[in-house]
Amino acid sequence: MSILASIRDDVQCVLERDPAARNRLEVLTSYSGLHALWAYRVSHRLWEAHLYLPARWLSQFTRWLTGIEIHPGARIGPRLFIDHGMGVVIGETAEVGANVTIYHGVTLGGVSLHHGKRHPTIEDGVVIGAGAKVLGAITIGRNTRIGANAVVVKDVEPDMVVVGIPGRPVHRSGAEPEAHRPDLDHNILPDIISERLDRILARLDDVEKAAQANGNGKHDAERIEQMPDYVI
């Protein structure tokens with residue numbers, strides 16, 4: 001893909017995923033995520049040419065200019081959209097697939113001092129909510145949604161929703177996202193703790209009913225009912 005075609009594709013990507021984007025000129029001049037991505041592509045070519053120091057200089061200048069730090073050694077696919085972007089950090093060995101959306105405050109970080117692969121691999125169509133941290137040489141499966149401020153330190157299968165600290169994946173519901181149009185509803189997340197508590201309470205009710213039906217536990221049931229709520 002030529003440079004002009006790549007820029008055109010990046011701009012169209014923003015227009016598709018950000019309702020606040022009004023026209024191409026606004027996107028070209030006002031979106032720091034695009035500016036950081038374009039600068040990364042130049043610094044990545046310098047990095048691959050073994051011009052490591054100039055690549056890092058350009059990366060650091062871009063960080064100062066946009067608030068987004070993308071290491072020139074990272075590998076990033078087409079149509080990445082970094083929305084707002086302030087505070088985004090993408091580490092050296094991170095790999096980002098096509099049609100990924102990243103919101104501000106996201107870190108694709110490492111957890112090891114060893115050389116080699118130590119940052120995450122993000123597959124196609126993933127959406128990472130604001131403030132989320134994805135750490136280590138893990139893989140986030142395609143079309144997964146990661147909720148805001150989640151901390152993910154283990155592999156995630158495709159088509160999952162991840163919430164909490166540490167991040168807990170659950171199977172997503174609904175139709176699979178279309179190509180070039182990730183599922184941006186990263187505010188629609190399950191309440192895993194509440195659901196599990198409801199299951200525990202329902203199980204306790206079943207056990208109590210079974211005990212009473214068998215003629216056992218009647219005394220205990222009456223004692224529990226007489227306890228004040230704060231003891232229960």
# chains A, B, ... in the order shown; residues from 1 in each chain; ligands from 1
>>> residues_around(residues="Asp9 of chain A", least_positions_apart="5", cutoff="9 Å", atoms="only C-alpha atoms", output="VMD selection string")
chain A and resid 4 14 78 to 79
>>> residues_around(residues="Ala36 of chain A", least_positions_apart="6", cutoff="12 Å", atoms="only C-alpha atoms", output="MDAnalysis selection string")
chainID A and resid 10 28 30 42:44 58:72 80:90
>>> atom_distance(atom1="atom CA of Pro19 of chain A", atom2="atom CA of Val106 of chain A")
20.9 Å
>>> atom_distance(atom1="atom CA of Lys154 of chain A", atom2="atom CA of Ser112 of chain A")
14.2 Å
